[in-house]
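Dumped upload-v7.cif below, it's mmCIF, C-alpha atoms:
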```cif
data_run
loop_
_atom_site.label_atom_id
_atom_site.label_comp_id
_atom_site.auth_asym_id
_atom_site.auth_seq_id
_atom_site.Cartn_x
_atom_site.Cartn_y
_atom_site.Cartn_z
CA MET P 1346 -55.13 44.05 28.29
CA GLU P 1347 -51.68 45.57 28.70
CA LYS P 1348 -50.43 47.63 25.78
CA ASN P 1349 -46.81 48.72 25.29
CA PHE P 1350 -45.15 50.77 22.56
CA TYR P 1351 -41.71 50.19 21.04
CA ASP P 1352 -39.59 51.21 18.10
CA LEU P 1353 -38.62 47.60 17.33
CA VAL P 1354 -40.05 44.26 18.41
CA ILE P 1355 -37.88 41.20 17.80
CA VAL P 1356 -39.53 37.78 17.97
CA GLY P 1357 -36.89 35.19 18.82
CA ALA P 1358 -33.87 35.38 21.15
CA GLY P 1359 -31.57 33.14 19.12
CA PRO P 1360 -28.37 34.20 17.33
CA ALA P 1361 -30.30 36.29 14.77
CA GLY P 1362 -32.55 38.13 17.21
CA LEU P 1363 -29.89 38.78 19.85
CA GLN P 1364 -27.32 39.88 17.27
CA LEU P 1365 -29.83 42.31 15.75
CA ALA P 1366 -30.40 43.84 19.19
CA ARG P 1367 -26.65 43.83 19.85
CA GLU P 1368 -26.02 45.83 16.68
CA LEU P 1369 -28.46 48.47 17.96
CA THR P 1370 -27.10 48.61 21.53
CA SER P 1371 -25.84 52.17 21.15
CA SER P 1372 -29.14 53.44 19.74
CA LYS P 1373 -31.76 55.36 21.67
CA TYR P 1374 -34.57 53.21 20.34
CA LYS P 1375 -36.86 51.21 22.59
CA ILE P 1376 -36.56 47.51 21.76
CA LEU P 1377 -38.49 44.45 22.92
CA ILE P 1378 -37.30 40.85 22.43
CA LEU P 1379 -39.84 38.05 22.88
CA ASP P 1380 -39.10 34.35 23.13
CA ARG P 1381 -41.14 31.41 24.37
CA LYS P 1382 -38.11 29.65 25.89
CA LYS P 1383 -37.27 30.12 29.58
CA SER P 1384 -33.88 31.84 29.17
CA ALA P 1385 -31.26 32.71 26.58
CA ASP P 1386 -29.43 29.41 27.03
CA ASP P 1387 -32.56 27.25 27.10
CA VAL P 1388 -31.62 25.42 23.90
CA GLN P 1389 -32.34 21.88 22.85
CA TYR P 1390 -29.60 21.46 20.24
CA ASN P 1391 -25.84 21.91 20.58
CA THR P 1392 -24.30 21.15 17.17
CA ALA P 1393 -22.64 24.28 15.82
CA GLY P 1394 -19.49 23.88 13.75
CA SER P 1395 -18.29 27.11 12.19
CA PHE P 1396 -15.51 28.99 10.46
CA ILE P 1397 -16.51 32.14 12.33
CA ASN P 1398 -13.87 34.82 12.97
CA PRO P 1399 -13.85 35.50 16.74
CA LYS P 1400 -12.15 38.89 16.37
CA GLN P 1401 -14.64 40.08 13.76
CA TRP P 1402 -17.51 39.25 16.09
CA GLN P 1403 -15.69 40.09 19.34
CA LEU P 1404 -16.44 36.69 20.85
CA PRO P 1405 -14.75 35.52 24.07
CA GLU P 1406 -12.64 32.36 24.08
CA GLU P 1407 -15.10 30.55 26.36
CA VAL P 1408 -17.67 30.49 23.55
CA LEU P 1409 -15.45 28.65 21.06
CA HIS P 1410 -13.59 25.34 20.98
CA PRO P 1411 -10.84 25.45 18.31
CA ILE P 1412 -10.50 22.76 15.64
CA HIS P 1413 -7.32 22.22 13.58
CA LYS P 1414 -7.98 18.99 11.70
CA MET P 1415 -10.96 18.05 9.52
CA MET P 1416 -11.61 14.59 8.12
CA LEU P 1417 -14.26 13.44 5.64
CA PHE P 1418 -15.12 9.73 5.40
CA SER P 1419 -17.00 7.77 2.78
CA LYS P 1420 -17.30 3.98 3.04
CA ASN P 1421 -13.83 3.19 1.69
CA GLU P 1422 -12.05 6.53 1.42
CA ARG P 1423 -11.04 9.37 3.68
CA VAL P 1424 -9.49 12.77 3.23
CA GLU P 1425 -7.69 14.75 5.93
CA LYS P 1426 -7.02 18.48 5.86
CA GLN P 1427 -5.68 21.14 8.21
CA GLY P 1428 -7.36 24.44 9.00
CA LEU P 1429 -8.76 26.57 11.79
CA GLY P 1430 -12.41 26.20 12.63
CA TYR P 1431 -14.51 26.19 15.78
CA VAL P 1432 -17.24 24.32 17.55
CA ILE P 1433 -19.45 26.98 19.09
CA ASN P 1434 -20.90 26.43 22.53
CA ARG P 1435 -24.42 27.52 21.67
CA ARG P 1436 -25.51 28.08 25.27
CA LYS P 1437 -22.49 30.21 26.15
CA LEU P 1438 -22.82 32.17 22.90
CA LEU P 1439 -26.44 33.08 23.59
CA ASN P 1440 -25.66 34.08 27.17
CA PHE P 1441 -22.85 36.30 25.88
CA LEU P 1442 -25.04 37.94 23.23
CA GLU P 1443 -27.76 38.56 25.80
CA ARG P 1444 -25.28 40.28 28.14
CA GLU P 1445 -24.17 42.47 25.25
CA CYS P 1446 -27.77 43.37 24.40
CA ARG P 1447 -28.58 44.33 27.99
CA LYS P 1448 -26.01 47.12 27.80
CA ASN P 1449 -28.82 49.01 26.06
CA PRO P 1450 -30.93 50.64 28.81
CA ASN P 1451 -33.88 50.82 26.40
CA LEU P 1452 -33.98 47.05 25.83
CA GLU P 1453 -36.54 44.67 27.33
CA ILE P 1454 -36.38 40.88 27.03
CA GLU P 1455 -39.41 38.76 27.83
CA TYR P 1456 -38.90 34.99 28.10
CA SER P 1457 -41.73 32.46 28.45
CA ALA P 1458 -43.59 34.82 26.12
CA GLU P 1459 -45.36 33.35 23.10
CA VAL P 1460 -46.72 35.41 20.22
CA ARG P 1461 -50.31 34.38 19.63
CA ASP P 1462 -51.63 36.72 16.96
CA ALA P 1463 -51.13 40.02 15.19
CA LYS P 1464 -53.30 42.80 13.89
CA THR P 1465 -52.49 43.60 10.27
CA GLU P 1466 -53.71 46.31 7.95
CA ASN P 1467 -52.75 46.58 4.27
CA SER P 1468 -50.12 43.86 4.81
CA GLU P 1469 -48.52 45.88 7.60
CA ILE P 1470 -48.31 44.74 11.21
CA LYS P 1471 -50.03 47.21 13.54
CA GLU P 1472 -49.58 45.30 16.79
CA ILE P 1473 -48.93 41.83 18.09
CA TYR P 1474 -50.41 39.89 20.98
CA TYR P 1475 -48.40 37.61 23.22
CA SER P 1476 -49.08 35.64 26.36
CA LYS P 1477 -46.96 35.51 29.51
CA ASN P 1478 -47.94 34.08 32.87
CA SER P 1479 -51.56 33.75 31.72
CA ARG P 1480 -51.63 37.44 30.78
CA ARG P 1481 -52.45 38.67 27.28
CA ILE P 1482 -50.22 41.58 26.33
CA THR P 1483 -50.24 43.86 23.30
CA ALA P 1484 -47.04 45.25 21.84
CA ARG P 1485 -47.03 47.89 19.14
CA ALA P 1486 -43.89 48.88 17.22
CA ARG P 1487 -42.77 50.81 14.19
CA ILE P 1488 -40.75 47.81 12.93
CA TYR P 1489 -40.98 44.07 13.61
CA ALA P 1490 -38.27 41.43 13.10
CA ASP P 1491 -39.18 37.75 12.90
CA CYS P 1492 -36.21 35.72 14.14
CA SER P 1493 -38.35 32.89 15.49
CA GLY P 1494 -36.71 30.09 13.49
CA THR P 1495 -38.85 27.15 12.46
CA SER P 1496 -41.96 28.85 13.89
CA ALA P 1497 -41.71 31.78 11.44
CA VAL P 1498 -44.62 33.20 13.40
CA LEU P 1499 -44.87 36.69 11.87
CA GLY P 1500 -43.34 35.75 8.53
CA ASN P 1501 -46.08 33.21 7.96
CA MET P 1502 -48.79 35.72 8.88
CA LEU P 1503 -47.67 38.14 6.18
CA GLY P 1504 -46.75 35.47 3.64
CA LEU P 1505 -43.09 36.49 3.74
CA ALA P 1506 -41.66 33.22 5.07
CA GLN P 1507 -41.86 30.11 2.92
CA GLU P 1508 -44.86 28.10 4.12
CA LYS P 1509 -43.51 24.66 3.21
CA PRO P 1510 -39.70 24.80 3.23
CA LEU P 1511 -37.49 21.74 3.17
CA LEU P 1512 -36.84 20.47 6.67
CA ALA P 1513 -33.66 18.88 7.92
CA LEU P 1514 -33.84 16.81 11.10
CA GLY P 1515 -30.78 16.40 13.27
CA ILE P 1516 -30.25 14.16 16.29
CA GLU P 1517 -27.21 14.39 18.54
CA TYR P 1518 -25.68 12.57 21.47
CA VAL P 1519 -23.32 14.43 23.81
CA VAL P 1520 -20.87 11.66 24.75
CA PRO P 1521 -17.46 11.08 26.37
CA LEU P 1522 -14.58 11.85 23.98
CA LYS P 1523 -11.62 9.46 23.99
CA GLU P 1524 -9.23 11.26 21.63
CA GLY P 1525 -8.80 14.03 19.07
CA ALA P 1526 -10.12 17.09 20.91
CA ASP P 1527 -9.13 19.37 18.01
CA GLU P 1528 -10.51 17.16 15.19
CA ILE P 1529 -13.91 17.01 13.54
CA ASP P 1530 -15.11 14.07 11.46
CA LEU P 1531 -17.81 14.02 8.79
CA PHE P 1532 -19.36 10.81 7.43
CA ILE P 1533 -21.24 10.20 4.16
CA GLN P 1534 -21.96 6.60 3.26
CA SER P 1535 -24.82 4.23 2.49
CA SER P 1536 -24.94 2.80 6.03
CA LEU P 1537 -26.31 6.19 7.10
CA LYS P 1538 -29.41 5.63 4.95
CA GLY P 1539 -29.21 8.78 2.86
CA GLY P 1540 -28.18 10.94 5.80
CA TYR P 1541 -24.84 12.18 7.10
CA GLY P 1542 -22.99 11.99 10.38
CA TRP P 1543 -20.45 13.97 12.38
CA ILE P 1544 -18.24 14.15 15.45
CA PHE P 1545 -17.78 17.66 16.90
CA PRO P 1546 -15.70 17.99 20.10
CA LEU P 1547 -17.17 20.39 22.64
CA ASN P 1548 -14.06 20.38 24.83
CA ASN P 1549 -11.23 18.00 25.74
CA SER P 1550 -13.54 15.39 27.26
CA ARG P 1551 -16.92 15.66 25.52
CA ALA P 1552 -18.09 15.56 21.92
CA ILE P 1553 -21.26 15.62 19.87
CA VAL P 1554 -21.98 12.59 17.74
CA GLY P 1555 -24.70 13.63 15.35
CA TYR P 1556 -26.83 12.39 12.47
CA GLY P 1557 -28.91 14.47 10.06
CA THR P 1558 -31.20 13.87 7.13
CA LEU P 1559 -33.29 15.84 4.65
CA GLU P 1560 -35.46 12.83 3.82
CA ILE P 1561 -38.77 13.19 5.67
CA GLU P 1562 -39.50 9.47 5.38
CA ARG P 1563 -36.35 8.83 7.42
CA PHE P 1564 -37.30 11.14 10.30
CA PRO P 1565 -38.87 8.28 12.32
CA ILE P 1566 -35.64 6.22 12.22
CA VAL P 1567 -33.08 8.87 13.24
CA GLU P 1568 -32.66 7.27 16.67
CA LYS P 1569 -31.81 3.97 15.05
CA ALA P 1570 -29.50 5.70 12.57
CA ILE P 1571 -27.41 7.51 15.18
CA LYS P 1572 -26.98 4.32 17.22
CA SER P 1573 -25.74 2.56 14.09
CA MET P 1574 -22.93 5.10 13.78
CA TRP P 1575 -20.94 3.15 16.38
CA SER P 1576 -20.59 0.41 13.78
CA ILE P 1577 -18.24 2.85 12.02
CA SER P 1578 -14.80 2.09 13.45
CA ARG P 1579 -13.75 5.74 13.57
CA VAL P 1580 -16.75 6.66 15.75
CA ALA P 1581 -16.12 3.79 18.16
CA GLU P 1582 -12.42 4.70 18.38
CA ARG P 1583 -13.11 8.31 19.34
CA CYS P 1584 -16.33 8.28 21.35
CA LYS P 1585 -18.00 6.18 24.03
CA ARG P 1586 -21.66 5.39 23.50
CA LYS P 1587 -22.76 6.71 26.89
CA PRO P 1588 -24.85 9.82 26.16
CA TYR P 1589 -24.97 12.62 28.69
CA GLU P 1590 -27.64 14.27 26.53
CA LYS P 1591 -29.85 13.38 23.59
CA ASN P 1592 -31.28 16.23 21.54
CA ILE P 1593 -33.31 16.56 18.36
CA GLY P 1594 -33.67 19.72 16.26
CA LEU P 1595 -35.31 20.87 13.04
CA LEU P 1596 -33.76 23.22 10.50
CA ARG P 1597 -35.62 25.11 7.77
CA THR P 1598 -33.72 25.00 4.50
CA GLY P 1599 -34.29 25.32 0.79
CA ALA P 1600 -33.71 27.73 -2.07
CA PRO P 1601 -32.90 31.33 -1.02
CA LEU P 1602 -35.87 33.63 -0.65
CA GLU P 1603 -36.58 36.48 -3.01
CA ARG P 1604 -37.92 38.82 -0.29
CA LEU P 1605 -36.76 39.32 3.27
CA ALA P 1606 -38.79 42.45 4.04
CA LYS P 1607 -42.42 43.44 3.60
CA ASN P 1608 -43.63 46.85 4.74
CA ASN P 1609 -42.59 47.07 8.42
CA LEU P 1610 -41.55 43.40 8.83
CA ILE P 1611 -38.18 41.75 8.22
CA ILE P 1612 -37.21 38.11 8.63
CA ILE P 1613 -33.76 36.90 9.68
CA GLY P 1614 -32.04 33.58 10.39
CA ASP P 1615 -33.79 30.23 10.04
CA THR P 1616 -37.08 32.05 9.43
CA ALA P 1617 -35.49 33.42 6.26
CA LEU P 1618 -33.76 30.13 5.30
CA GLN P 1619 -30.38 31.75 5.94
CA ALA P 1620 -28.59 28.63 7.19
CA ASN P 1621 -26.22 27.64 4.40
CA PRO P 1622 -27.99 24.94 2.31
CA LEU P 1623 -24.77 23.04 1.59
CA VAL P 1624 -23.30 22.66 5.06
CA GLY P 1625 -26.24 23.50 7.32
CA GLU P 1626 -24.24 26.08 9.28
CA GLY P 1627 -26.62 28.68 10.63
CA ILE P 1628 -25.13 30.77 13.46
CA ARG P 1629 -22.47 32.68 11.51
CA PHE P 1630 -24.84 33.40 8.65
CA ALA P 1631 -27.71 34.41 10.94
CA MET P 1632 -25.46 36.84 12.80
CA ASP P 1633 -24.13 38.33 9.58
CA SER P 1634 -27.65 38.67 8.17
CA ALA P 1635 -28.68 40.44 11.38
CA ARG P 1636 -25.78 42.84 10.94
CA ILE P 1637 -26.91 43.63 7.40
CA ALA P 1638 -30.50 44.09 8.58
CA ALA P 1639 -29.51 46.30 11.54
CA LYS P 1640 -28.06 48.93 9.23
CA TRP P 1641 -31.41 49.42 7.52
CA VAL P 1642 -33.49 49.07 10.68
CA ARG P 1643 -31.52 51.97 12.12
CA LYS P 1644 -31.99 54.09 9.00
CA ALA P 1645 -35.68 53.24 8.71
CA LEU P 1646 -36.24 54.30 12.32
CA GLU P 1647 -34.17 57.48 11.95
CA LYS P 1648 -36.12 58.61 8.90
CA ASN P 1649 -39.40 56.96 9.92
CA ARG P 1650 -39.49 55.25 6.53
CA PRO P 1651 -40.14 51.47 6.79
CA LYS P 1652 -39.71 51.20 3.01
CA LEU P 1653 -35.95 51.51 3.58
CA LEU P 1654 -36.05 47.95 4.97
CA GLN P 1655 -36.22 46.71 1.39
CA ASN P 1656 -32.53 47.58 1.13
CA TYR P 1657 -31.80 44.76 3.58
CA THR P 1658 -33.10 42.30 0.97
CA ARG P 1659 -30.96 43.95 -1.70
CA ASP P 1660 -27.75 43.90 0.36
CA TRP P 1661 -28.25 40.33 1.56
CA LYS P 1662 -28.89 39.10 -1.98
CA ARG P 1663 -25.78 40.84 -3.28
CA LYS P 1664 -23.66 38.97 -0.75
CA TYR P 1665 -25.35 35.58 -0.56
CA TYR P 1666 -28.06 34.92 -3.13
CA ARG P 1667 -25.98 33.33 -5.91
CA LYS P 1668 -23.86 31.35 -3.44
CA TYR P 1669 -26.97 29.98 -1.76
CA TRP P 1670 -28.55 28.95 -5.03
CA LEU P 1671 -25.40 27.03 -5.98
CA ALA P 1672 -25.23 25.52 -2.48
CA PHE P 1673 -28.88 24.47 -2.80
CA GLU P 1674 -28.19 22.82 -6.17
CA ILE P 1675 -25.23 20.92 -4.70
CA GLN P 1676 -27.39 19.93 -1.72
CA ASN P 1677 -29.97 18.42 -4.07
CA ARG P 1678 -27.24 16.55 -5.92
CA LEU P 1679 -25.89 15.14 -2.67
CA ARG P 1680 -29.36 13.99 -1.65
CA GLU P 1681 -29.41 11.85 -4.76
CA THR P 1682 -25.96 10.34 -4.29
CA THR P 1683 -25.18 9.92 -0.58
CA SER P 1684 -26.45 6.32 -0.71
CA ASP P 1685 -24.13 5.53 -3.62
CA ASP P 1686 -20.87 4.42 -2.00
CA ASN P 1687 -18.99 4.21 -5.30
CA PHE P 1688 -19.85 7.80 -6.16
CA MET P 1689 -19.04 9.09 -2.68
CA ASP P 1690 -15.74 7.16 -2.62
CA ARG P 1691 -14.71 8.83 -5.88
CA ALA P 1692 -15.80 12.24 -4.59
CA VAL P 1693 -13.86 11.91 -1.34
CA LYS P 1694 -10.82 10.51 -3.14
CA GLY P 1695 -10.95 13.47 -5.52
CA MET P 1696 -10.77 15.90 -2.60
CA GLU P 1697 -7.21 14.81 -1.88
CA MET P 1698 -6.08 17.25 -4.56
CA LEU P 1699 -7.62 20.22 -2.73
CA SER P 1700 -5.40 22.51 -0.75
CA ASN P 1701 -6.21 23.01 2.92
CA HIS P 1702 -7.64 26.43 2.06
CA GLU P 1703 -9.82 25.07 -0.76
CA PHE P 1704 -11.13 22.26 1.43
CA CYS P 1705 -12.01 24.63 4.27
CA ARG P 1706 -13.67 27.00 1.85
CA LEU P 1707 -15.81 24.17 0.48
CA LEU P 1708 -16.64 22.99 4.00
CA SER P 1709 -17.61 26.53 5.02
CA GLY P 1710 -20.15 26.74 2.19
CA ASP P 1711 -18.27 29.62 0.54
CA VAL P 1712 -18.84 28.35 -2.99
CA THR P 1713 -19.22 30.24 -6.25
CA HIS P 1714 -19.56 28.98 -9.81
CA PHE P 1715 -16.04 30.23 -10.56
CA PHE P 1716 -14.62 28.43 -7.52
CA MET P 1717 -16.31 25.16 -8.50
CA PHE P 1718 -15.21 25.59 -12.12
CA ARG P 1719 -11.62 26.13 -10.97
CA LEU P 1720 -11.75 22.95 -8.87
CA ARG P 1721 -13.09 21.01 -11.86
CA ILE P 1722 -10.28 22.28 -14.10
CA LYS P 1723 -7.75 21.41 -11.40
CA ARG P 1724 -9.11 17.88 -11.19
CA LEU P 1725 -9.05 17.41 -14.98
CA LEU P 1726 -5.46 18.65 -15.17
CA LYS P 1727 -4.40 16.28 -12.43
CA LYS P 1728 -5.97 13.36 -14.30
CA LYS P 1729 -4.12 14.31 -17.47
CA ILE P 1730 -0.83 14.66 -15.59
CA ASN P 1731 -1.31 11.24 -13.99
CA ARG P 1732 -2.06 9.70 -17.38
CA LEU P 1733 1.03 11.35 -18.84
CA LYS P 1734 3.18 10.04 -15.98
CA LYS P 1735 1.79 6.57 -16.51
CA PHE P 1736 2.45 6.78 -20.25
CA ILE P 1737 6.05 7.97 -19.70
CA GLY P 1738 6.58 5.14 -17.23
CA LEU P 1739 5.32 2.53 -19.70
CA THR P 1740 7.38 3.87 -22.61
CA SER P 1741 10.56 4.18 -20.56
CA GLY P 1742 10.05 0.60 -19.33
#
```
In structure tokens, what does this structure look like?
Amino acid sequence: MEKNFYDLVIVGAGPAGLQLARELTSSKYKILILDRKKSADDVQYNTAGSFINPKQWQLPEEVLHPIHKMMLFSKNERVEKQGLGYVINRRKLLNFLERECRKNPNLEIEYSAEVRDAKTENSEIKEIYYSKNSRRITARARIYADCSGTSAVLGNMLGLAQEKPLLALGIEYVVPLKEGADEIDLFIQSSLKGGYGWIFPLNNSRAIVGYGTLEIERFPIVEKAIKSMWSISRVAERCKRKPYEKNIGLLRTGAPLERLAKNNLIIIGDTALQANPLVGEGIRFAMDSARIAAKWVRKALEKNRPKLLQNYTRDWKRKYYRKYWLAFEIQNRLRETTSDDNFMDRAVKGMEMLSNHEFCRLLSGDVTHFFMFRLRIKRLLKKKINRLKKFIGLTSG
């Protein structure tokens, strides 16, 4: 059996794993990335709307398709707002991140490599075993990072990842786009059977029409649900039902975790339920979580003190924990009401009062209790003003 030694082993070459390695490119540490897929861009799901800042993350233009108009539809209402967002080309993003990682001469990436088992001692990982080309290989490291997404392969072994998280299932068609290359549409109405739909342009001629649900009992009918979206006039106006691709993906979601590190293991990205529970956006949050984690991975390696990894949990919770809990609570509320057209019509109608900035902030998942309280006060004041205007009109008449 082959045995190799590293400072850091990363399981998963998605946005979280590659960004973690990218953050450590200038380090002298020996890093191994393992992934069972065939290459960086071997992905089965394209949907990736985001309010990511390209300059902050030094992303090339080819990775992003800009969006300037966002529309939300219920059965009988619609709201339209302006703002700058992006549809991320997931394949191009992962290829870019991989190229950045490979600038580190001490980095190794093994594709078609599947982690099979691990040797643990006192809840600490001593070594892992993975298979590649029928070979069984051992890798030993000072620190391990589980960025394996829904597999949560190491996180499950140490009881760090949530064993039974909520699962969201998404299905997407990549189809010809007729119009509106800089517009995204979101749909919430009873015809979607408790789920939600979207149109995300990939470029000037292609778009993703997608459908997602958190209801496990609806997983078997997602194919039927996405086909039914063409009964919505807006979908038929913008997109032809001639799929170039059909993809299905699972997302781990749920309440934010209390612990993201245990001894010499950290979890990042979907493994750690770090996709925003309200909007389902994962890439931006996975990359930012990897950046937070990288700071403490570096310090833990420098001082040879894995206990310093606990500070990653602390820093992540300071930035996201309360927001994610609120987002999770709103997610649960929406699950109960998305089949109620009257409720959703009122909710969408009420969003007309939001400024473009407030709407984009809500759509980005950047919610706090104070922000939601302020929106509620704004809505109540508008109602009172409208009543006063109506009263003045009646009395003057």
Any chance you could resolve the PyMOL selection byres ((chain P and resi 1680-1686) around 12) against this file and give the residues as number ranges by chain? P: 1418-1422, 1513, 1532-1542, 1557-1561, 1622-1623, 1673-1679, 1687-1694
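Atom to atom, atom CA of P:Ser1468 and atom CA of P:Arg1487 stand 13.8 Å apart.
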Nearest candidate to P:Leu1503 (options P:Leu1610, P:Met1696, P:Ile1482, P:Val1432; using all atoms listed in the file): P:Leu1610
Just want the 8 Å neighbourhood of stretch 1402-1412 of chain P, counted on all atoms listed in the file, with same-chain residues fewer than 2 positions away dropped. Output as a list in words.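 Those residues are Asn1398, Pro1399, Lys1400, Lys1414, Met1415, Gly1428, Leu1429, Gly1430, Tyr1431, Val1432, Ile1433, Asn1434, Arg1435, Lys1437, Leu1438, Ala1526, Asp1527, Glu1528, Ile1529, Pro1546, Leu1547 and Asn1548 of chain P.
When only C-alpha atoms are used to measure the gap to P:Lys1375, the shortest distance among P:Arg1643, P:Glu1524, P:Ser1493, P:Arg1579 belongs to P:Arg1643.
Note that the spacing between atom CA of P:Val1519 and atom CA of P:Trp1543 amounts to 11.8 Å.
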Could you state which residues are captured by the PyMOL selection byres ((chain P and resi 1611) around 12) in this file, as a PyMOL selection string? chain P and resi 1353-1356+1361-1362+1365+1469-1470+1487-1493+1497-1501+1503-1506+1604-1610+1612-1614+1616-1617+1634-1635+1637-1639+1641-1642+1645+1651-1658
Between atom CA of P:Lys1523 and atom CA of P:Glu1582, measure the distance and give it in Å to one decimal. 7.4 Å
Top pick for closest residue to P:Lys1644, considering P:Ala1552, P:Ser1372, P:Ala1570, P:Asn1467 and counting only C-alpha atoms: P:Ser1372
Residues within 12 Å of (-31.9, 5.0, 14.6), file coordinates, counting all atoms listed in the file: what are they? Give the list as a PyMOL selection string. chain P and resi 1515-1518+1536-1538+1540+1555-1558+1563-1575
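Distances from P:Met1698, P:Leu1369, P:Ile1628, P:Ala1600 to P:Tyr1665 were compared using only C-alpha atoms, and the smallest one belongs to P:Ala1600.
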Which of these, P:Asp1386, P:Glu1703, P:Glu1603, P:Asp1530, has the shortest distance to P:Tyr1666 once you count only C-alpha atoms?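 Selected residue with least distance to P:Tyr1666: P:Glu1603.
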Subset file as an mmCIF file, in the first residue's frame: stretch 1382-1396 of chain P, N, CA and C atoms:
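Below you can see out_10.cif, which holds the result:
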```cif
data_model
loop_
_atom_site.group_PDB
_atom_site.id
_atom_site.type_symbol
_atom_site.label_atom_id
_atom_site.label_comp_id
_atom_site.auth_asym_id
_atom_site.auth_seq_id
_atom_site.Cartn_x
_atom_site.Cartn_y
_atom_site.Cartn_z
ATOM 1 N N LYS P 1382 -14.541 12.964 -8.797
ATOM 2 C CA LYS P 1382 -14.900 13.320 -10.171
ATOM 3 C C LYS P 1382 -13.669 13.247 -11.077
ATOM 4 N N LYS P 1383 -13.874 13.360 -12.387
ATOM 5 C CA LYS P 1383 -12.806 13.143 -13.346
ATOM 6 C C LYS P 1383 -11.916 14.365 -13.551
ATOM 7 N N SER P 1384 -12.456 15.554 -13.314
ATOM 8 C CA SER P 1384 -11.708 16.798 -13.509
ATOM 9 C C SER P 1384 -12.396 17.899 -12.735
ATOM 10 N N ALA P 1385 -11.755 19.063 -12.678
ATOM 11 C CA ALA P 1385 -12.332 20.177 -11.920
ATOM 12 C C ALA P 1385 -13.712 20.539 -12.435
ATOM 13 N N ASP P 1386 -13.876 20.559 -13.762
ATOM 14 C CA ASP P 1386 -15.137 21.017 -14.345
ATOM 15 C C ASP P 1386 -16.126 19.890 -14.618
ATOM 16 N N ASP P 1387 -15.888 18.730 -14.037
ATOM 17 C CA ASP P 1387 -16.805 17.605 -14.178
ATOM 18 C C ASP P 1387 -17.942 17.777 -13.181
ATOM 19 N N VAL P 1388 -18.865 18.693 -13.520
ATOM 20 C CA VAL P 1388 -19.981 18.989 -12.617
ATOM 21 C C VAL P 1388 -21.289 18.597 -13.285
ATOM 22 N N GLN P 1389 -22.265 18.285 -12.457
ATOM 23 C CA GLN P 1389 -23.552 17.835 -12.970
ATOM 24 C C GLN P 1389 -24.663 18.858 -12.755
ATOM 25 N N TYR P 1390 -24.293 20.060 -12.272
ATOM 26 C CA TYR P 1390 -25.323 21.047 -11.962
ATOM 27 C C TYR P 1390 -24.762 22.434 -12.220
ATOM 28 N N ASN P 1391 -25.514 23.248 -12.964
ATOM 29 C CA ASN P 1391 -25.007 24.548 -13.402
ATOM 30 C C ASN P 1391 -25.525 25.739 -12.606
ATOM 31 N N THR P 1392 -26.736 25.636 -12.033
ATOM 32 C CA THR P 1392 -27.389 26.797 -11.434
ATOM 33 C C THR P 1392 -26.516 27.443 -10.362
ATOM 34 N N ALA P 1393 -26.218 28.719 -10.558
ATOM 35 C CA ALA P 1393 -25.373 29.433 -9.592
ATOM 36 C C ALA P 1393 -25.572 30.931 -9.742
ATOM 37 N N GLY P 1394 -26.689 31.438 -9.218
ATOM 38 C CA GLY P 1394 -26.900 32.878 -9.170
ATOM 39 C C GLY P 1394 -26.217 33.444 -7.944
ATOM 40 N N SER P 1395 -25.660 34.647 -8.062
ATOM 41 C CA SER P 1395 -24.870 35.168 -6.949
ATOM 42 C C SER P 1395 -24.773 36.685 -6.994
ATOM 43 N N PHE P 1396 -24.558 37.260 -5.824
ATOM 44 C CA PHE P 1396 -24.213 38.672 -5.711
ATOM 45 C C PHE P 1396 -22.728 38.811 -5.363
#
```
